[in-house]
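Quick notes on the structure that follows.
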Amino acid sequence: MTEGKLIKAYGDALDDGAAQVSFTLPVAAGPLAKAAAESLAQSMGLDQAEVVHMSSQGEGFSFFVVYGHCHHQIDLSSLQYTELELGDMDFYEINDYIRDNLGRKLTVVAACTGTDAHTVGIDAIVNMKGYNGEYGLERYPWIDAYNLGSQVENTFLVAEARRLQADAILVSQVVTQRDVHIPNLTRLVELLEAEGIRSSVVLVAGGPRISHQLALELGYDAGFGSGTTPRQVASYIAREMVSRKLGAV
Amino acid sequence: MKLQLDTSLVKECRQAAGKIADEVQRFIGPRSTQSVERTVLRLMGVNDAIDGVPLANIIVDNLAARGELGLGAAYWLGNACKQLGLSPQEAAAKVAANELDLLAIPREEPGVLRPFLQELAQPGLRKIVDNRRQREQMQQKLKMGPAPLLYVIVATGDIMQDVPQAQAAAEQGADIVAVIRTTGQSLLDYVPHGATREGFGGTYATQENFRIMRKALDETGEKLGRYIMLVNYCSGLCMPEIAALGALERLDMMLNDALYGILFRDINMERTLIDQNFSRVINAYAGIIINSGEDNYLTTSDAVAEAHTVTASQFINEQLALAAGLSPWQMGLGHAFEIDPDLEDGLIMEIAQAQMARQLFPDAPLKYMPPTKYMTGDIFKGYMQNGLFNLTSVLTGQGIHLLGMLTEAIHTPYIQDRYLAIQNARYIMNNARHLKEELEIVPNGRMQQRASSVLAKAAELLSQVAEIGLFSALERGMFADVKRFRQGGKGLEGVFIKAAEYYNPFLDHMKAMLLDRGLKND
């Protein structure tokens, strides 16, 4: 439907390229700062860039809101992207699916690893209460879920996964300042490979800055970002196990 | 604007919380911890570190390993000072260099040594009181903004980058700046030494970092004609040590919850409750305002269903704070604006909760936390959510207002995120400054009913906890849906029973001054 079609950002007329950006410059607010902001916006591809708002943010910093017309256009047919096939199964259907296709309970081990102490994501997916009105994995009769909590060492997570004979491992990373999560996530993959169990588990990463694409690049099977519900994770794990013929009895 | 609160029910809440706190205090009395002892050494002037290990840790670990901590670290170091004519720092440096064994020298009788230990405690005590007086004088001269005071965080992970961000925030209008610690510091059983330029989601809390930021904010405050308050985190395994360092470097506020470490960092409950007591005594003595962390409950529990746990915890935190000598003006009891924004009439419930907290603790500044759980990455919606939060805060007269960031859930705040947050709060709070004086709450209306129901549930929860005790309540998961076991968690090995002749010259002196009100604390 979109083959060969070029598109631009849209404001109030097709192909007007209208876009807004806001940013800070480390320059005191004034005519020089304004000229700098316009110039920067032009370099970003915004034609007729207009500083609609400039204010001082304290000594030596100024804040800008800029509107302009972005001249870049995108050929939709040239794009490559990955998207997770998220099942439309509900709580009951997922449990039935596991029972009918695997015939035994799934074991899921989850943790917030490294120095990260933010469990809000992993708790939302795993804990009984769940998220946004959906039950967490602990509530699924056909899933045995273990939430190891925060600041879990990768080595401990791997040991627990072995001990519990996990079918799937969920890793949450919330603090991502200066990309601290990347080496930490990579390390887990290396450990699992060294233990020879990488290919026999479904490995999933989650967190506000985790995309499916990033997770694939790091050697995970899937990545889930903000707004993910327990149901999406559960149905993904179940389907993945079936399609990879993991854990059949 | 006033809610009608059942005064007999409020009294029941306080009595139950008082009973809970009494039980905890009876437990704390005969015990100390390694962190408490390190704090004593630091207050005696023991500073510095060797290969990253603080001298205070070297000495306490040494005494603990040989089973000799029962008398308290002050006795052993003080004895060495007396016998050898050394200062505490000199003696500590010799121990660290293996030139002195504290157990291998002649020993004074503990009772006889006490006056000498009191003398050794004097410079540290005096420094803290001087800081307190200096703060009072500066606040008189420079003034503070009107409540709710605007509180922002800086979290670059590098103290040298934190400084310009904090100064810019103050210039933008922030009254209070918190320097966030690196994720994971709460689980370190030592306080790192020196200025630090690393960390994630913040950098280390160290004495040198405190000093650097204090100096920077004093300079900015002078320039702006406003006193800028500095905050850090008095929690984790080094709770009392951080309190001591904050008192020595004139911090103004400390995150200092009695239960937070137990619930959210899995620190052993006995360890935390003993540590929190000494840390709060120090904060009380130093004139520091504490912030409790009830807002965190609502990140794991539902803000509508579990609102009463926040209220109940505020009562418990209040009673534990009173037992440590804190005055009501020093109690920034926490709560948060965390109700699902898609809920019809959610704002009514938020206002009911905030107004109830205001009336239950009329002399406490109250620490109000912004929406975080339902911030999505839609920054425009987030800015609106923060607007309603700001309105609720000014309408209910909150004291300490942590500004919500429109980029919550995306990244640690950029400079412009803080700027926009301050602009949002200033606009709304100025525009609605006296709205609370012009409105009345409908008797038996939705807001009134919501408050009454939360209060009744809080009273019920408190009476249950009072019956079984706080330790059992934590084991049963009665707060934040988190279960902790009495012997579980980190740091229990650092707890010990005091010997009959145990002495902590700071704890005794500070408590005496606070409880007799020899120290002006109003």
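By order in the structure tokens, chains are A, B, ...; within a chain, residues start at 1; ligands start at 1, following the order shown.
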**OP:** Please return, as a ChimeraX atom specification, all residues of chain A lying within 10 Å of chain B when only C-alpha atoms are considered.
**Re:** /A:22-25,55-64,114-121,123-124,127,129-132,149-151,174-180,207-209,226-227
**OP:** List the neighbours of B:Arg135 out to 9 Å using only C-alpha atoms; skip same-chain residues closer than 3 positions along the sequence, and give me the result as an NGL selection string.
**Re:** :B and (130-132 or 138-140 or 227 or 250 or 252 or 287)
Those same residues, written as a PDB file, in the first residue's frame with all heavy atoms?
ATOM      1  N   ASP B 130      27.466  24.477  65.431  1.00  0.00           N
ATOM      2  CA  ASP B 130      27.864  25.677  64.685  1.00  0.00           C
ATOM      3  C   ASP B 130      27.196  25.691  63.311  1.00  0.00           C
ATOM      4  O   ASP B 130      26.721  26.742  62.846  1.00  0.00           O
ATOM      5  CB  ASP B 130      29.388  25.727  64.498  1.00  0.00           C
ATOM      6  CG  ASP B 130      30.108  26.089  65.789  1.00  0.00           C
ATOM      7  OD1 ASP B 130      29.418  26.497  66.748  1.00  0.00           O
ATOM      8  OD2 ASP B 130      31.346  25.953  65.841  1.00  0.00           O
ATOM      9  N   ASN B 131      27.172  24.549  62.662  1.00  0.00           N
ATOM     10  CA  ASN B 131      26.521  24.461  61.348  1.00  0.00           C
ATOM     11  C   ASN B 131      25.044  24.819  61.453  1.00  0.00           C
ATOM     12  O   ASN B 131      24.476  25.487  60.594  1.00  0.00           O
ATOM     13  CB  ASN B 131      26.648  23.049  60.773  1.00  0.00           C
ATOM     14  CG  ASN B 131      27.988  22.826  60.102  1.00  0.00           C
ATOM     15  OD1 ASN B 131      28.692  23.784  59.783  1.00  0.00           O
ATOM     16  ND2 ASN B 131      28.347  21.578  59.898  1.00  0.00           N
ATOM     17  N   ARG B 132      24.446  24.328  62.520  1.00  0.00           N
ATOM     18  CA  ARG B 132      23.029  24.596  62.725  1.00  0.00           C
ATOM     19  C   ARG B 132      22.777  26.095  62.912  1.00  0.00           C
ATOM     20  O   ARG B 132      21.865  26.672  62.310  1.00  0.00           O
ATOM     21  CB  ARG B 132      22.588  23.813  63.961  1.00  0.00           C
ATOM     22  CG  ARG B 132      21.134  23.904  64.245  1.00  0.00           C
ATOM     23  CD  ARG B 132      20.814  23.141  65.537  1.00  0.00           C
ATOM     24  NE  ARG B 132      19.426  23.412  65.807  1.00  0.00           N
ATOM     25  CZ  ARG B 132      18.529  22.486  66.087  1.00  0.00           C
ATOM     26  NH1 ARG B 132      18.874  21.234  66.166  1.00  0.00           N
ATOM     27  NH2 ARG B 132      17.277  22.815  66.298  1.00  0.00           N
ATOM     28  N   MET B 138      21.843  32.187  58.127  1.00  0.00           N
ATOM     29  CA  MET B 138      21.764  32.392  56.679  1.00  0.00           C
ATOM     30  C   MET B 138      20.315  32.413  56.208  1.00  0.00           C
ATOM     31  O   MET B 138      19.944  33.171  55.318  1.00  0.00           O
ATOM     32  CB  MET B 138      22.542  31.283  55.942  1.00  0.00           C
ATOM     33  CG  MET B 138      24.046  31.417  56.113  1.00  0.00           C
ATOM     34  SD  MET B 138      24.952  30.068  55.317  1.00  0.00           S
ATOM     35  CE  MET B 138      24.906  30.597  53.608  1.00  0.00           C
ATOM     36  N   GLN B 139      19.498  31.565  56.811  1.00  0.00           N
ATOM     37  CA  GLN B 139      18.092  31.530  56.395  1.00  0.00           C
ATOM     38  C   GLN B 139      17.367  32.810  56.784  1.00  0.00           C
ATOM     39  O   GLN B 139      16.446  33.235  56.097  1.00  0.00           O
ATOM     40  CB  GLN B 139      17.392  30.294  56.988  1.00  0.00           C
ATOM     41  CG  GLN B 139      17.787  29.012  56.259  1.00  0.00           C
ATOM     42  CD  GLN B 139      17.079  27.786  56.779  1.00  0.00           C
ATOM     43  OE1 GLN B 139      16.471  27.825  57.847  1.00  0.00           O
ATOM     44  NE2 GLN B 139      17.161  26.701  56.047  1.00  0.00           N
ATOM     45  N   GLN B 140      17.807  33.396  57.888  1.00  0.00           N
ATOM     46  CA  GLN B 140      17.187  34.671  58.272  1.00  0.00           C
ATOM     47  C   GLN B 140      17.575  35.782  57.308  1.00  0.00           C
ATOM     48  O   GLN B 140      16.762  36.605  56.912  1.00  0.00           O
ATOM     49  CB  GLN B 140      17.641  35.049  59.678  1.00  0.00           C
ATOM     50  CG  GLN B 140      16.853  34.316  60.726  1.00  0.00           C
ATOM     51  CD  GLN B 140      16.778  35.075  62.024  1.00  0.00           C
ATOM     52  OE1 GLN B 140      17.705  35.818  62.361  1.00  0.00           O
ATOM     53  NE2 GLN B 140      15.688  34.910  62.748  1.00  0.00           N
ATOM     54  N   TYR B 227      18.147  31.233  50.351  1.00  0.00           N
ATOM     55  CA  TYR B 227      18.888  30.093  50.882  1.00  0.00           C
ATOM     56  C   TYR B 227      18.486  28.850  50.103  1.00  0.00           C
ATOM     57  O   TYR B 227      17.308  28.526  50.022  1.00  0.00           O
ATOM     58  CB  TYR B 227      18.605  29.896  52.380  1.00  0.00           C
ATOM     59  CG  TYR B 227      19.455  28.813  52.993  1.00  0.00           C
ATOM     60  CD1 TYR B 227      20.758  29.070  53.417  1.00  0.00           C
ATOM     61  CD2 TYR B 227      18.975  27.511  53.127  1.00  0.00           C
ATOM     62  CE1 TYR B 227      21.552  28.076  53.967  1.00  0.00           C
ATOM     63  CE2 TYR B 227      19.771  26.502  53.672  1.00  0.00           C
ATOM     64  CZ  TYR B 227      21.058  26.799  54.091  1.00  0.00           C
ATOM     65  OH  TYR B 227      21.841  25.806  54.630  1.00  0.00           O
ATOM     66  N   ARG B 250      26.731  20.572  56.742  1.00  0.00           N
ATOM     67  CA  ARG B 250      25.535  21.433  56.696  1.00  0.00           C
ATOM     68  C   ARG B 250      24.583  21.106  55.536  1.00  0.00           C
ATOM     69  O   ARG B 250      24.171  21.988  54.793  1.00  0.00           O
ATOM     70  CB  ARG B 250      25.887  22.932  56.705  1.00  0.00           C
ATOM     71  CG  ARG B 250      24.643  23.790  56.934  1.00  0.00           C
ATOM     72  CD  ARG B 250      24.919  25.251  57.239  1.00  0.00           C
ATOM     73  NE  ARG B 250      26.029  25.848  56.577  1.00  0.00           N
ATOM     74  CZ  ARG B 250      25.983  26.399  55.361  1.00  0.00           C
ATOM     75  NH1 ARG B 250      24.842  26.444  54.693  1.00  0.00           N
ATOM     76  NH2 ARG B 250      27.067  26.912  54.829  1.00  0.00           N
ATOM     77  N   ASP B 252      20.759  20.211  54.588  1.00  0.00           N
ATOM     78  CA  ASP B 252      19.558  20.763  55.225  1.00  0.00           C
ATOM     79  C   ASP B 252      18.443  19.742  55.353  1.00  0.00           C
ATOM     80  O   ASP B 252      17.529  19.911  56.166  1.00  0.00           O
ATOM     81  CB  ASP B 252      19.050  21.942  54.387  1.00  0.00           C
ATOM     82  CG  ASP B 252      20.131  22.979  54.183  1.00  0.00           C
ATOM     83  OD1 ASP B 252      20.506  23.621  55.175  1.00  0.00           O
ATOM     84  OD2 ASP B 252      20.630  23.106  53.048  1.00  0.00           O
ATOM     85  N   GLY B 287      19.445  19.867  63.266  1.00  0.00           N
ATOM     86  CA  GLY B 287      18.419  20.759  62.715  1.00  0.00           C
ATOM     87  C   GLY B 287      18.089  20.419  61.266  1.00  0.00           C
ATOM     88  O   GLY B 287      17.661  21.278  60.497  1.00  0.00           O
TER      89      GLY B 287
END
Original post:
Can you list, as a PyMOL selection string, every residue of stretch 286-451 of chain B that DSSP puts in alpha helix (DSSP H)?
Top reply: chain B and resi 286+297-300+307-323+346-360+379-395+415-431+435-438+446-451
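Of the residues listed (B:Glu306, B:Glu437, B:Glu198, B:Asp175), B:Glu306 shows the shortest atom-to-atom separation from B:Leu461; distances use only C-alpha atoms.
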**OP:** Tell me which protein, DNA and RNA residues are within 12 Å of A:Arg244, counting only C-alpha atoms, leaving out same-chain ones fewer than 3 positions away, and put them as an NGL selection string.
**Re:** :A and (102 or 167 or 199-202 or 221 or 236-241 or 247-248)
Subject >> Long-range neighbours of stretch 19-21 of chain A as an MDAnalysis selection string, 10 Å cut-off, only C-alpha atoms, 3 positions minimum in chain >> reply: chainID A and resid 8:11 16 41 44 46:47 49:52 64:70
**OP:** Would you list the contacts of A:Ile143 as a PyMOL selection string, taking every protein, DNA or RNA residue within 9 Å and counting only C-alpha atoms, but skipping same-chain residues closer than 6 positions in sequence?
**Re:** chain A and resi 95+98+104-108+137+234
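Residues in contact range of stretch 97-110 of chain B, defined as at most 10 Å between only C-alpha atoms, with sequence neighbours fewer than 6 positions away removed, read Ile50, Leu55, Ile59, Asn62, Leu63, Arg66, Glu68, Leu71, Tyr75, Trp76, Leu77, Gly78, Asn79, Ala80, Cys81, Lys82, Gln83, Leu84, Ala91, Leu117, Ala500, Glu501, Tyr502 and Tyr503 of chain B.
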**OP:** Excluding B:Asn444 and residues on its chain fewer than 3 positions from it, collect all residues at most 12 Å away from it, counting only C-alpha atoms, and give them as a VMD selection string.
**Re:** chain B and resid 3 to 5 440 to 441 447 to 453
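Minimum distance to B:Ser279 across B:Asp22, B:Glu438, B:Glu37, B:Asp51 (counting only C-alpha atoms) occurs at B:Glu37.
Going from atom CA of A:Thr113 to atom CA of A:Ser172 covers 6.8 Å.
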Subject >> DSSP-assigned strand (DSSP E or B) members of stretch 129-214 of chain A, reported as a PyMOL selection string >> reply: chain A and resi 131+134+143-147+152+168-172+202-206
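Taking atom CA of A:Asp100 and atom CA of A:Trp142 as endpoints, the distance between them is 10.7 Å.
Interatomic distance, atom CA of A:Ser235 to atom CA of A:Gly133: 16.7 Å.
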